[in-house]
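*Asks:* One structure coming up, written as structure tokens, with questions to follow.
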Amino acid sequence: MKLRLLVVALLALTAACAPSVEPSKEPAGDGLDKVTLTLNWYPYGEHAPFYYGKKKGIFAKHKIDLNIQAGQGSQKTVQVTGGGQTDFGWADTSALLGGVGQGMPVKSVGVFLQKTPSSVQFFADKNITKPADLKGKTIASTAGDALTKTFPIFLKANGMSESDVVIQNTDAAGKIAAVLASKTDALLGYATDQGPTIAEKAGKPVSSLKYADFGLSYFSNGLVAQDKTIADRKDLVRRMVAATTEAWTAASGDVPGAVEAMAGASEQLPSAKVLTDQFTATIALLHTDATKSMPPGVNDESDWKKTITVFADAGLIKTAEAPSKYWDASFAVKG
């Protein structure tokens, strides 16, 4: 118990030291609630619906004055959300489950990317078309992240083992550099993120083996909130979820407009071409077979159970709890 309390205290301290805008509990001058959303990373194509929803007045329609912040990784986003330093976070489900397992007071209020974008990425001229083609290849990865932790499960699902490949550990930027410099044959990354960037930098096509296409899928990014926010500001949470669902629906039907809405979002913003490729690929991740007829952000409990099992098997969480430990389904938009 003492160790658990120490872990929680350290996590809270980490969150407190993280750069973040303190969420406002006061309404904006026009009667809207000021709401801060912290992303999982610097803005890229996946985030287009939030900028589109803000530009088109979707969040304002739901009485929300949205402030979008860049993040520093899903783990940090979960920490600052649990620490009350942002109203909502956009974070990977693996980071959410890990945070909850360590005592962070945070829950998902809806996963939007319900198929993982996790993939093995490589230049098309490598002639890799199936997992077996990876045998003997050198693959860049980042030790400890969800992509790397679940890669052995991906290999096993396709009749392979870790000894069939050579893993080269590096940071996120180093993975792209390694592939561009031909120091590795491939990298582990999100098909909705690194692939279009590498293709543009190299001027040649990039292909991928997506985990979800070869027997392994699980939840990716979604909306998270602090337990206290969920308990004390239910109406705000409901409006935020509804606005997010509406923004994703509208942006998916207007890809050029969604990309245009991101103009000026960040000094590191990718080109319009990369943003378009990233967001187009992201749209394909919005539903599983169980939710294909439902609005974005509506989850199925069986999909949660599958995701929890995958992360437990990968060692990302120590104990597989019931979905309700990690997810509050009461705010989902009705189909």
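Ligands are numbered from 1 in the order shown, chains are lettered A, B, ... in the order of the structure tokens, and residues start at 1 in each chain.
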Residues near segment 96-109 of chain A, anyone? I mean within 6 Å using only C-alpha atoms, not counting same-chain ones fewer than 2 positions away, as number ranges by chain.

*Replies:* A: 8, 82, 93-94, 223-227, 317, 326-328

*Asks:* What would the file look like if the residues just selected were written as a short mmCIF file (atom, residue, chain, number, x, y, z; two decimals), in the first residue's frame with N, CA and C atoms?

*Replies:*
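So the final result, stored in part06.cif, reads:
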data_model
loop_
_atom_site.label_atom_id
_atom_site.label_comp_id
_atom_site.auth_asym_id
_atom_site.auth_seq_id
_atom_site.Cartn_x
_atom_site.Cartn_y
_atom_site.Cartn_z
N VAL A 8 1.53 6.85 -6.84
CA VAL A 8 0.51 7.86 -7.15
C VAL A 8 1.04 9.26 -6.89
N GLY A 82 -5.19 13.57 -15.40
CA GLY A 82 -5.45 13.04 -14.06
C GLY A 82 -5.08 14.03 -12.97
N THR A 93 -5.11 4.57 -25.68
CA THR A 93 -5.77 3.75 -24.66
C THR A 93 -4.76 2.98 -23.82
N SER A 94 -3.64 2.59 -24.41
CA SER A 94 -2.63 1.87 -23.62
C SER A 94 -2.10 2.75 -22.50
N LEU A 223 -10.84 10.26 -26.09
CA LEU A 223 -11.03 11.39 -25.19
C LEU A 223 -11.00 10.90 -23.74
N VAL A 224 -10.19 11.54 -22.91
CA VAL A 224 -10.07 11.15 -21.51
C VAL A 224 -10.33 12.35 -20.61
N ALA A 225 -10.80 12.07 -19.41
CA ALA A 225 -11.11 13.14 -18.45
C ALA A 225 -10.78 12.66 -17.04
N GLN A 226 -10.54 13.61 -16.15
CA GLN A 226 -10.29 13.31 -14.75
C GLN A 226 -11.58 12.82 -14.10
N ASP A 227 -11.46 11.90 -13.16
CA ASP A 227 -12.63 11.37 -12.46
C ASP A 227 -13.46 12.50 -11.83
N ILE A 317 -0.09 -3.63 -18.83
CA ILE A 317 -0.79 -3.49 -17.55
C ILE A 317 -0.59 -4.78 -16.77
N TYR A 326 -11.92 1.59 -16.56
CA TYR A 326 -11.20 2.50 -17.43
C TYR A 326 -12.10 3.42 -18.26
N TRP A 327 -13.37 3.12 -18.32
CA TRP A 327 -14.25 3.74 -19.31
C TRP A 327 -15.61 4.05 -18.73
N ASP A 328 -16.07 5.28 -18.93
CA ASP A 328 -17.44 5.67 -18.57
C ASP A 328 -18.26 5.78 -19.84
#

*Asks:* Check the DSSP output for the backbone and give back, as a PyMOL selection string, the residues of segment 75-311 of chain A in alpha helix (DSSP H).

*Replies:* chain A and resi 75-82+93-101+146-157+172-180+194-202+227-232+234-252+255-260+272-283+301-311

*Asks:* Need to verify the contact set: Thr170 of chain A, 7 Å, only C-alpha atoms, exclusion of same-chain residues closer than 6 positions in sequence. Can you return it as a PyMOL selection string?

*Replies:* chain A and resi 140-142

*Asks:* Would you list the contacts of segment 178-192 of chain A as a PyMOL selection string, taking every protein, DNA or RNA residue within 10 Å and counting only C-alpha atoms, but skipping same-chain residues closer than 4 positions in sequence?

*Replies:* chain A and resi 44-46+116-123+126+128+134+136-142+146-148+151+166-170+172-174+196-199+201-202+206-211+274-275+277-285

*Asks:* Just the number, please: distance in Å from atom CA of Val165 of chain A to atom CA of Ala312 of chain A, one decimal.

*Replies:* 23.2 Å

*Asks:* Given only C-alpha atoms as the basis, pick out the residue of A:Lys56, A:Val78, A:Lys204, A:Asp193 nearest to Ala124 of chain A.

*Replies:* A:Lys204

*Asks:* Could you go through segment 27-244 of chain A and tell me which residues DSSP, when run on the backbone, assigns to strand (DSSP E or B), listing them as a count of residues only?

*Replies:* 54

*Asks:* Which residues are near Ala251 of chain A? Cut-off 9 Å, only C-alpha atoms, ignore same chain within fewer than 4 positions. Put them as a ChimeraX atom specification.

*Replies:* /A:48-50,52-53,246-247,255-259

*Asks:* Give me the residues within 12 Å of Lys61 of chain A as an MDAnalysis selection string, counting only C-alpha atoms and dropping any in the same chain fewer than 2 places off.

*Replies:* chainID A and resid 30:33 53:59 63:66 239:240 242:244 246:247

*Asks:* Just to confirm, what's the straight-line distance from atom CA of Asp303 of chain A to atom CA of His62 of chain A in Å (one decimal)?

*Replies:*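 Atom CA of Asp303 of chain A sits 28.6 Å away from atom CA of His62 of chain A.
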
*Asks:* One decimal, in Å: what's the spacing between atom CA of Val310 of chain A and atom CA of Ala322 of chain A?

*Replies:* 13.5 Å

*Asks:* From the options A:Gln194, A:Lys175, A:Glu200, A:Asn221, which residue's atoms come nearest to Gln75 of chain A, counting only C-alpha atoms?

*Replies:* A:Asn221

*Asks:* Write out as a list in words the residues lying within 8 Å of Trp90 of chain A, counting only C-alpha atoms and excluding same-chain residues fewer than 3 positions away.

*Replies:* Leu37, Thr38, Leu39, Asn40, Ser74, Thr77, Asn221, Gly222, Leu223 and Val224 of chain A

*Asks:* Between A:Asp232, A:Asp92, A:Glu301, A:Asp213, which one has atoms that come closest to Asn158 of chain A, using only C-alpha atoms?

*Replies:*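 Of the candidates, the smallest distance to Asn158 of chain A is held by A:Asp213.
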